Amino acid sequence: MAGVRAAQKEKTRRALIQAAMNQLSAEHGYASLSLREVAREAGIAPTSFYRHFQNMEELGLTLVDEGGLALRQLLRQSRQQIAKGGSIIRASVTTFMEFVSHNTAIFRLLLQEKSGNSREFRLAVQREVEHFTAELVDYLVDEQDFERNLAELQADAIVRIVFSVGADALDASAAERQELLENTIAQVRIVARGAAVTRTLAKSAKS
């Protein structure tokens with residue numbers, strides 16, 4: 001019986017998360033969402049909302065956390081598939097752009113709240129960006145044999161590029177997104193080649 005109740009509670013919690021996502025758009029940021037409207041779309045009474053989240057801010061922070069985690073998991077999978085052959089840059093950038101295309105509400109939330117009024121939201125988004133960057137740094141150190149300081153510079157540049165392009169892709173047409181994809185792949189490759197040359201020069205200077 002307890003298991004059934006727990007499953008139902010999780011189902012309702014997921015419904016609230018999905019309801020909030022459904023109401024996000026370019027015209028309606030998270031701050032404009034109404035608890036009453038989110039609860040109504042989820043099919044529960046407004047008072048029942050508090051059985052799942054303390055307030056709307058906690059719900060929003062959950063969206064940020066889950067969105068960041070989903071993106072990192074997708075990128076891990078794309079890197080693992082590269083072991084079978086292929087371009088790590090093309091696979092990763094393509095995965096990122098597909099995430100933006102299929103999760104527009106979440107990515108828009110990340111962008112909007114990165115510089116929003118809520119300190120808690122700003123910190124949460126910054127943590128997700130830092131997690132994203134840290135995983136890329138670890139990959140560059142472990143798999144590409146970069147020194148950590150150079151890996152951090154390279155990862156920071158790449159993350160800034162792809163998040164900026166992700167913002168441009170939100171309202172772009174399919175053709176425009178494809179052009180953005182190819183341009184971004186070229187830009188990230190330039191960063192990667194520059195980092196590789198820097199590494200070679202640094203090694204030469206030490207020898």
# chains A, B, ... in the order shown; residues from 1 in each chain; ligands from 1

call {"tool": "select_by_dssp", "arguments": {"residues": "region 3-198 of chain A", "states": "alpha helix (DSSP H)", "output": "VMD selection string"}}
result
chain A and resid 3 to 23 35 to 42 56 to 81 88 to 102 104 to 114 119 to 142 148 to 169 174 to 198

call {"tool": "closest_atom_pairs", "arguments": {"of": "region 21-139 of chain A", "to": "region 170-177 of chain A", "cutoff": "12 Å", "atoms": "only C-alpha atoms", "output": "JSON lines"}}
result
{"residue": "A:Ser25", "atom": "CA", "partner": "A:Leu170", "partner_atom": "CA", "distance": 10.4}
{"residue": "A:Ala26", "atom": "CA", "partner": "A:Asp171", "partner_atom": "CA", "distance": 8.9}
{"residue": "A:Val93", "atom": "CA", "partner": "A:Arg177", "partner_atom": "CA", "distance": 11.8}
{"residue": "A:Thr94", "atom": "CA", "partner": "A:Arg177", "partner_atom": "CA", "distance": 10.4}
{"residue": "A:Phe96", "atom": "CA", "partner": "A:Arg177", "partner_atom": "CA", "distance": 11.8}
{"residue": "A:Met97", "atom": "CA", "partner": "A:Arg177", "partner_atom": "CA", "distance": 8.1}
{"residue": "A:Glu98", "atom": "CA", "partner": "A:Arg177", "partner_atom": "CA", "distance": 9.8}
{"residue": "A:Phe99", "atom": "CA", "partner": "A:Leu170", "partner_atom": "CA", "distance": 10.7}
{"residue": "A:Val100", "atom": "CA", "partner": "A:Leu170", "partner_atom": "CA", "distance": 7.0}
{"residue": "A:Ser101", "atom": "CA", "partner": "A:Leu170", "partner_atom": "CA", "distance": 7.1}
{"residue": "A:His102", "atom": "CA", "partner": "A:Leu170", "partner_atom": "CA", "distance": 10.1}
{"residue": "A:Asn103", "atom": "CA", "partner": "A:Leu170", "partner_atom": "CA", "distance": 9.6}
{"residue": "A:Thr104", "atom": "CA", "partner": "A:Leu170", "partner_atom": "CA", "distance": 6.5}
{"residue": "A:Ala105", "atom": "CA", "partner": "A:Leu170", "partner_atom": "CA", "distance": 9.3}
{"residue": "A:Ile106", "atom": "CA", "partner": "A:Leu170", "partner_atom": "CA", "distance": 10.9}
{"residue": "A:Phe107", "atom": "CA", "partner": "A:Leu170", "partner_atom": "CA", "distance": 8.4}
{"residue": "A:Arg108", "atom": "CA", "partner": "A:Leu170", "partner_atom": "CA", "distance": 7.7}
{"residue": "A:Leu109", "atom": "CA", "partner": "A:Leu170", "partner_atom": "CA", "distance": 11.5}
{"residue": "A:Leu111", "atom": "CA", "partner": "A:Leu170", "partner_atom": "CA", "distance": 10.6}

call {"tool": "write_last_selection", "arguments": {"atoms": "C-alpha atoms", "output": "tab-separated table (two decimals), in the first residue's frame"}}
result
chain	number	residue	atom	x	y	z
A	25	SER	CA	7.52	30.16	-23.55
A	26	ALA	CA	9.41	33.11	-24.95
A	93	VAL	CA	27.49	19.63	-30.73
A	94	THR	CA	24.76	17.73	-32.59
A	96	PHE	CA	23.51	19.63	-27.68
A	97	MET	CA	21.51	21.18	-30.52
A	98	GLU	CA	19.05	18.28	-30.50
A	99	PHE	CA	18.57	18.80	-26.76
A	100	VAL	CA	17.79	22.49	-27.35
A	101	SER	CA	15.35	21.56	-30.13
A	102	HIS	CA	13.52	18.92	-28.08
A	103	ASN	CA	13.69	20.71	-24.71
A	104	THR	CA	13.08	24.32	-25.68
A	105	ALA	CA	11.24	25.19	-22.47
A	106	ILE	CA	14.01	23.89	-20.21
A	107	PHE	CA	16.82	25.52	-22.16
A	108	ARG	CA	14.91	28.80	-22.29
A	109	LEU	CA	14.48	28.57	-18.52
A	111	LEU	CA	18.95	31.15	-20.20

call {"tool": "closest_residue", "arguments": {"among": "A:Leu75, A:Gln154, A:Arg90, A:Gly43", "to": "Arg193 (chain A)", "atoms": "only C-alpha atoms"}}
result
A:Gln154

call {"tool": "residues_around", "arguments": {"residues": "Arg40 (chain A)", "least_positions_apart": "4", "cutoff": "10 Å", "atoms": "only C-alpha atoms", "output": "list of chain:residue names"}}
result
A:Leu16, A:Ala19, A:Ser34, A:Leu35, A:Arg36, A:Ile44, A:Ala45, A:Pro46, A:Phe49

call {"tool": "write_last_selection", "arguments": {"atoms": "N, CA, C and O atoms", "output": "PDB file, in the first residue's frame"}}
result
ATOM      1  N   LEU A  16       3.257  17.860 -12.163  1.00  0.00           N
ATOM      2  CA  LEU A  16       3.476  19.280 -11.854  1.00  0.00           C
ATOM      3  C   LEU A  16       4.679  19.825 -12.619  1.00  0.00           C
ATOM      4  O   LEU A  16       4.641  20.939 -13.151  1.00  0.00           O
ATOM      5  N   ALA A  19       3.643  20.185 -16.193  1.00  0.00           N
ATOM      6  CA  ALA A  19       2.704  21.300 -16.349  1.00  0.00           C
ATOM      7  C   ALA A  19       3.448  22.631 -16.376  1.00  0.00           C
ATOM      8  O   ALA A  19       3.136  23.521 -17.184  1.00  0.00           O
ATOM      9  N   SER A  34       1.752  30.778 -12.630  1.00  0.00           N
ATOM     10  CA  SER A  34       0.858  30.795 -11.479  1.00  0.00           C
ATOM     11  C   SER A  34       0.760  29.391 -10.875  1.00  0.00           C
ATOM     12  O   SER A  34       0.561  28.409 -11.607  1.00  0.00           O
ATOM     13  N   LEU A  35       0.911  29.321  -9.563  1.00  0.00           N
ATOM     14  CA  LEU A  35       0.768  28.038  -8.869  1.00  0.00           C
ATOM     15  C   LEU A  35      -0.588  27.419  -9.177  1.00  0.00           C
ATOM     16  O   LEU A  35      -0.702  26.212  -9.436  1.00  0.00           O
ATOM     17  N   ARG A  36      -1.610  28.242  -9.165  1.00  0.00           N
ATOM     18  CA  ARG A  36      -2.969  27.754  -9.411  1.00  0.00           C
ATOM     19  C   ARG A  36      -3.099  27.148 -10.814  1.00  0.00           C
ATOM     20  O   ARG A  36      -3.686  26.075 -10.978  1.00  0.00           O
ATOM     21  N   ILE A  44      -4.624  18.677 -10.125  1.00  0.00           N
ATOM     22  CA  ILE A  44      -4.746  18.609  -8.667  1.00  0.00           C
ATOM     23  C   ILE A  44      -5.235  19.947  -8.125  1.00  0.00           C
ATOM     24  O   ILE A  44      -5.191  20.969  -8.814  1.00  0.00           O
ATOM     25  N   ALA A  45      -5.680  19.933  -6.884  1.00  0.00           N
ATOM     26  CA  ALA A  45      -6.102  21.176  -6.230  1.00  0.00           C
ATOM     27  C   ALA A  45      -4.866  21.988  -5.856  1.00  0.00           C
ATOM     28  O   ALA A  45      -3.819  21.413  -5.540  1.00  0.00           O
ATOM     29  N   PRO A  46      -4.960  23.321  -5.896  1.00  0.00           N
ATOM     30  CA  PRO A  46      -3.800  24.148  -5.547  1.00  0.00           C
ATOM     31  C   PRO A  46      -3.208  23.810  -4.185  1.00  0.00           C
ATOM     32  O   PRO A  46      -1.983  23.839  -4.016  1.00  0.00           O
ATOM     33  N   PHE A  49      -0.590  21.074  -4.067  1.00  0.00           N
ATOM     34  CA  PHE A  49       0.743  21.391  -4.602  1.00  0.00           C
ATOM     35  C   PHE A  49       1.791  21.271  -3.508  1.00  0.00           C
ATOM     36  O   PHE A  49       2.905  20.779  -3.735  1.00  0.00           O
TER      37      PHE A  49
END

call {"tool": "closest_residue", "arguments": {"among": "A:Lys114, A:Thr198, A:Ile185, A:Ser204", "to": "Ala91 (chain A)", "atoms": "only C-alpha atoms"}}
result
A:Ile185

call {"tool": "closest_residue", "arguments": {"among": "A:Glu128, A:Glu113, A:Glu66, A:Glu143", "to": "Gln18 (chain A)", "atoms": "only C-alpha atoms"}}
result
A:Glu66

call {"tool": "closest_residue", "arguments": {"among": "A:Ala124, A:Val137, A:Phe132, A:Arg13", "to": "Asp65 (chain A)", "atoms": "only C-alpha atoms"}}
result
A:Ala124

call {"tool": "residues_around", "arguments": {"residues": "region 157-160 of chain A", "least_positions_apart": "3", "cutoff": "7 Å", "atoms": "only C-alpha atoms", "output": "NGL selection string"}}
result
:A and (133 or 153-154 or 163-164 or 188)

call {"tool": "write_last_selection", "arguments": {"atoms": "N, CA, C and O atoms", "output": "PDB file, in the first residue's frame"}}
result
ATOM      1  N   THR A 133      30.722  22.179 -17.620  1.00  0.00           N
ATOM      2  CA  THR A 133      32.103  22.518 -17.943  1.00  0.00           C
ATOM      3  C   THR A 133      33.077  21.532 -17.312  1.00  0.00           C
ATOM      4  O   THR A 133      34.043  21.095 -17.952  1.00  0.00           O
ATOM      5  N   LEU A 153      40.544  26.190 -19.798  1.00  0.00           N
ATOM      6  CA  LEU A 153      40.375  27.309 -20.732  1.00  0.00           C
ATOM      7  C   LEU A 153      39.606  26.863 -21.979  1.00  0.00           C
ATOM      8  O   LEU A 153      38.707  27.568 -22.457  1.00  0.00           O
ATOM      9  N   GLN A 154      39.964  25.696 -22.504  1.00  0.00           N
ATOM     10  CA  GLN A 154      39.301  25.186 -23.700  1.00  0.00           C
ATOM     11  C   GLN A 154      37.826  24.884 -23.417  1.00  0.00           C
ATOM     12  O   GLN A 154      36.946  25.249 -24.214  1.00  0.00           O
ATOM     13  N   PHE A 163      26.407  27.478 -25.639  1.00  0.00           N
ATOM     14  CA  PHE A 163      25.240  28.046 -24.966  1.00  0.00           C
ATOM     15  C   PHE A 163      24.742  29.293 -25.707  1.00  0.00           C
ATOM     16  O   PHE A 163      23.532  29.521 -25.803  1.00  0.00           O
ATOM     17  N   SER A 164      25.668  30.074 -26.245  1.00  0.00           N
ATOM     18  CA  SER A 164      25.266  31.243 -27.021  1.00  0.00           C
ATOM     19  C   SER A 164      24.526  30.816 -28.282  1.00  0.00           C
ATOM     20  O   SER A 164      23.487  31.395 -28.630  1.00  0.00           O
ATOM     21  N   VAL A 188      34.043  25.289 -32.714  1.00  0.00           N
ATOM     22  CA  VAL A 188      34.596  24.449 -31.646  1.00  0.00           C
ATOM     23  C   VAL A 188      35.877  23.769 -32.122  1.00  0.00           C
ATOM     24  O   VAL A 188      36.836  23.617 -31.348  1.00  0.00           O
TER      25      VAL A 188
END

call {"tool": "residues_around", "arguments": {"residues": "Ala15 (chain A)", "least_positions_apart": "3", "cutoff": "12 Å", "atoms": "only C-alpha atoms", "output": "list in words"}}
result
Gln8, Lys9, Glu10, Lys11, Thr12, Gln18, Ala19, Ala20, Met21, Asn22, Val38, Ala39, Arg40, Glu41, Ala42, Gly43, Ile44, Phe49, His52 and Leu59 of chain A

call {"tool": "write_last_selection", "arguments": {"atoms": "N, CA and C atoms", "output": "mmCIF file, in the first residue's frame"}}
result
data_model
loop_
_atom_site.group_PDB
_atom_site.id
_atom_site.type_symbol
_atom_site.label_atom_id
_atom_site.label_comp_id
_atom_site.auth_asym_id
_atom_site.auth_seq_id
_atom_site.Cartn_x
_atom_site.Cartn_y
_atom_site.Cartn_z
ATOM 1 N N GLN A 8 2.065 7.004 -6.683
ATOM 2 C CA GLN A 8 1.086 8.029 -7.045
ATOM 3 C C GLN A 8 1.621 9.431 -6.755
ATOM 4 N N LYS A 9 2.343 9.552 -5.632
ATOM 5 C CA LYS A 9 2.921 10.855 -5.293
ATOM 6 C C LYS A 9 3.954 11.268 -6.326
ATOM 7 N N GLU A 10 4.787 10.321 -6.764
ATOM 8 C CA GLU A 10 5.800 10.619 -7.774
ATOM 9 C C GLU A 10 5.138 10.962 -9.110
ATOM 10 N N LYS A 11 4.054 10.268 -9.429
ATOM 11 C CA LYS A 11 3.325 10.550 -10.673
ATOM 12 C C LYS A 11 2.780 11.976 -10.659
ATOM 13 N N THR A 12 2.226 12.390 -9.523
ATOM 14 C CA THR A 12 1.687 13.752 -9.405
ATOM 15 C C THR A 12 2.808 14.778 -9.457
ATOM 16 N N GLN A 18 5.867 18.685 -15.463
ATOM 17 C CA GLN A 18 5.499 18.770 -16.875
ATOM 18 C C GLN A 18 4.558 19.945 -17.131
ATOM 19 N N ALA A 19 3.643 20.185 -16.193
ATOM 20 C CA ALA A 19 2.704 21.300 -16.349
ATOM 21 C C ALA A 19 3.448 22.631 -16.376
ATOM 22 N N ALA A 20 4.441 22.776 -15.504
ATOM 23 C CA ALA A 20 5.236 24.005 -15.489
ATOM 24 C C ALA A 20 5.999 24.166 -16.798
ATOM 25 N N MET A 21 6.581 23.075 -17.289
ATOM 26 C CA MET A 21 7.317 23.127 -18.548
ATOM 27 C C MET A 21 6.410 23.524 -19.704
ATOM 28 N N ASN A 22 5.187 22.989 -19.702
ATOM 29 C CA ASN A 22 4.243 23.270 -20.782
ATOM 30 C C ASN A 22 3.876 24.744 -20.858
ATOM 31 N N VAL A 38 -0.626 25.999 -12.748
ATOM 32 C CA VAL A 38 0.212 24.793 -12.843
ATOM 33 C C VAL A 38 -0.508 23.615 -12.206
ATOM 34 N N ALA A 39 -1.086 23.848 -11.034
ATOM 35 C CA ALA A 39 -1.809 22.780 -10.349
ATOM 36 C C ALA A 39 -3.010 22.317 -11.169
ATOM 37 N N ARG A 40 -3.723 23.265 -11.763
ATOM 38 C CA ARG A 40 -4.894 22.915 -12.569
ATOM 39 C C ARG A 40 -4.501 22.048 -13.761
ATOM 40 N N GLU A 41 -3.414 22.427 -14.443
ATOM 41 C CA GLU A 41 -2.984 21.624 -15.597
ATOM 42 C C GLU A 41 -2.520 20.235 -15.164
ATOM 43 N N ALA A 42 -1.967 20.149 -13.945
ATOM 44 C CA ALA A 42 -1.514 18.846 -13.430
ATOM 45 C C ALA A 42 -2.680 18.006 -12.917
ATOM 46 N N GLY A 43 -3.855 18.622 -12.813
ATOM 47 C CA GLY A 43 -5.038 17.880 -12.384
ATOM 48 C C GLY A 43 -5.186 17.718 -10.890
ATOM 49 N N ILE A 44 -4.624 18.677 -10.125
ATOM 50 C CA ILE A 44 -4.746 18.609 -8.667
ATOM 51 C C ILE A 44 -5.235 19.947 -8.125
ATOM 52 N N PHE A 49 -0.590 21.074 -4.067
ATOM 53 C CA PHE A 49 0.743 21.391 -4.602
ATOM 54 C C PHE A 49 1.791 21.271 -3.508
ATOM 55 N N HIS A 52 4.089 18.350 -2.531
ATOM 56 C CA HIS A 52 5.170 17.951 -3.432
ATOM 57 C C HIS A 52 6.303 18.968 -3.489
ATOM 58 N N LEU A 59 9.947 24.239 -7.193
ATOM 59 C CA LEU A 59 9.591 23.567 -8.438
ATOM 60 C C LEU A 59 10.512 24.034 -9.569
#

call {"tool": "decode", "arguments": {"residues": "region 1-128 of chain A", "atoms": "C-alpha atoms", "output": "short mmCIF file (atom, residue, chain, number, x, y, z; two decimals), in the first residue's frame"}}
result
data_model
loop_
_atom_site.label_atom_id
_atom_site.label_comp_id
_atom_site.auth_asym_id
_atom_site.auth_seq_id
_atom_site.Cartn_x
_atom_site.Cartn_y
_atom_site.Cartn_z
CA MET A 1 0.00 0.00 0.00
CA ALA A 2 2.84 2.37 0.88
CA GLY A 3 4.44 1.58 -2.46
CA VAL A 4 1.26 2.49 -4.31
CA ARG A 5 1.01 5.81 -2.47
CA ALA A 6 4.67 6.59 -3.20
CA ALA A 7 4.17 5.81 -6.89
CA GLN A 8 1.09 8.03 -7.05
CA LYS A 9 2.92 10.85 -5.29
CA GLU A 10 5.80 10.62 -7.77
CA LYS A 11 3.32 10.55 -10.67
CA THR A 12 1.69 13.75 -9.40
CA ARG A 13 5.08 15.35 -8.85
CA ARG A 14 6.05 14.57 -12.44
CA ALA A 15 2.73 15.98 -13.62
CA LEU A 16 3.48 19.28 -11.85
CA ILE A 17 6.94 19.44 -13.43
CA GLN A 18 5.50 18.77 -16.87
CA ALA A 19 2.70 21.30 -16.35
CA ALA A 20 5.24 24.01 -15.49
CA MET A 21 7.32 23.13 -18.55
CA ASN A 22 4.24 23.27 -20.78
CA GLN A 23 3.52 26.83 -19.70
CA LEU A 24 7.00 28.20 -20.32
CA SER A 25 7.52 30.16 -23.55
CA ALA A 26 9.41 33.11 -24.95
CA GLU A 27 6.54 35.35 -23.77
CA HIS A 28 5.99 33.69 -20.38
CA GLY A 29 9.05 33.20 -18.20
CA TYR A 30 9.06 31.18 -15.02
CA ALA A 31 8.37 34.21 -12.83
CA SER A 32 5.02 34.70 -14.57
CA LEU A 33 3.77 31.17 -13.86
CA SER A 34 0.86 30.79 -11.48
CA LEU A 35 0.77 28.04 -8.87
CA ARG A 36 -2.97 27.75 -9.41
CA GLU A 37 -2.62 27.32 -13.17
CA VAL A 38 0.21 24.79 -12.84
CA ALA A 39 -1.81 22.78 -10.35
CA ARG A 40 -4.89 22.91 -12.57
CA GLU A 41 -2.98 21.62 -15.60
CA ALA A 42 -1.51 18.85 -13.43
CA GLY A 43 -5.04 17.88 -12.38
CA ILE A 44 -4.75 18.61 -8.67
CA ALA A 45 -6.10 21.18 -6.23
CA PRO A 46 -3.80 24.15 -5.55
CA THR A 47 -3.53 23.16 -1.87
CA SER A 48 -2.22 19.72 -2.91
CA PHE A 49 0.74 21.39 -4.60
CA TYR A 50 2.42 21.81 -1.21
CA ARG A 51 2.57 18.06 -0.68
CA HIS A 52 5.17 17.95 -3.43
CA PHE A 53 6.98 21.31 -3.39
CA GLN A 54 7.37 23.99 -0.74
CA ASN A 55 6.70 26.74 -3.26
CA MET A 56 7.03 27.64 -6.94
CA GLU A 57 10.71 28.44 -6.50
CA GLU A 58 11.46 24.88 -5.40
CA LEU A 59 9.59 23.57 -8.44
CA GLY A 60 11.61 25.86 -10.69
CA LEU A 61 14.91 24.79 -9.12
CA THR A 62 13.90 21.17 -9.76
CA LEU A 63 13.36 22.01 -13.43
CA VAL A 64 16.84 23.55 -13.62
CA ASP A 65 18.47 20.55 -11.92
CA GLU A 66 16.67 17.98 -14.06
CA GLY A 67 17.33 19.89 -17.27
CA GLY A 68 21.05 20.14 -16.56
CA LEU A 69 21.26 16.47 -15.60
CA ALA A 70 19.42 15.35 -18.74
CA LEU A 71 21.80 17.34 -20.95
CA ARG A 72 24.90 15.95 -19.23
CA GLN A 73 23.60 12.38 -19.55
CA LEU A 74 22.98 12.83 -23.28
CA LEU A 75 26.47 14.22 -23.81
CA ARG A 76 28.02 11.34 -21.84
CA GLN A 77 26.21 8.91 -24.11
CA SER A 78 27.43 10.71 -27.22
CA ARG A 79 31.03 10.56 -25.96
CA GLN A 80 30.70 6.86 -25.19
CA GLN A 81 29.44 6.18 -28.70
CA ILE A 82 32.52 7.88 -30.14
CA ALA A 83 34.55 4.89 -28.93
CA LYS A 84 33.07 3.14 -31.97
CA GLY A 85 34.43 5.84 -34.29
CA GLY A 86 33.39 9.30 -35.39
CA SER A 87 33.95 12.94 -34.53
CA ILE A 88 33.60 13.78 -30.85
CA ILE A 89 33.00 17.45 -31.70
CA ARG A 90 30.31 16.78 -34.30
CA ALA A 91 28.58 14.21 -32.07
CA SER A 92 28.63 16.44 -28.99
CA VAL A 93 27.49 19.63 -30.73
CA THR A 94 24.76 17.73 -32.59
CA THR A 95 23.56 16.19 -29.31
CA PHE A 96 23.51 19.63 -27.68
CA MET A 97 21.51 21.18 -30.52
CA GLU A 98 19.05 18.28 -30.50
CA PHE A 99 18.57 18.80 -26.76
CA VAL A 100 17.79 22.49 -27.35
CA SER A 101 15.35 21.56 -30.13
CA HIS A 102 13.52 18.92 -28.08
CA ASN A 103 13.69 20.71 -24.71
CA THR A 104 13.08 24.32 -25.68
CA ALA A 105 11.24 25.19 -22.47
CA ILE A 106 14.01 23.89 -20.21
CA PHE A 107 16.82 25.52 -22.16
CA ARG A 108 14.91 28.80 -22.29
CA LEU A 109 14.48 28.57 -18.52
CA LEU A 110 18.24 28.08 -18.06
CA LEU A 111 18.95 31.15 -20.20
CA GLN A 112 16.30 33.35 -18.61
CA GLU A 113 17.19 32.53 -15.03
CA LYS A 114 20.96 32.76 -15.57
CA SER A 115 20.53 36.51 -15.25
CA GLY A 116 17.13 36.59 -13.55
CA ASN A 117 16.05 38.32 -10.36
CA SER A 118 16.17 35.26 -8.12
CA ARG A 119 19.59 34.65 -6.55
CA GLU A 120 18.69 31.00 -5.93
CA PHE A 121 17.86 30.50 -9.59
CA ARG A 122 21.03 32.26 -10.74
CA LEU A 123 23.16 30.07 -8.48
CA ALA A 124 21.35 26.91 -9.59
CA VAL A 125 21.90 27.69 -13.28
CA GLN A 126 25.53 28.57 -12.60
CA ARG A 127 26.01 25.21 -10.86
CA GLU A 128 24.61 23.40 -13.90
#
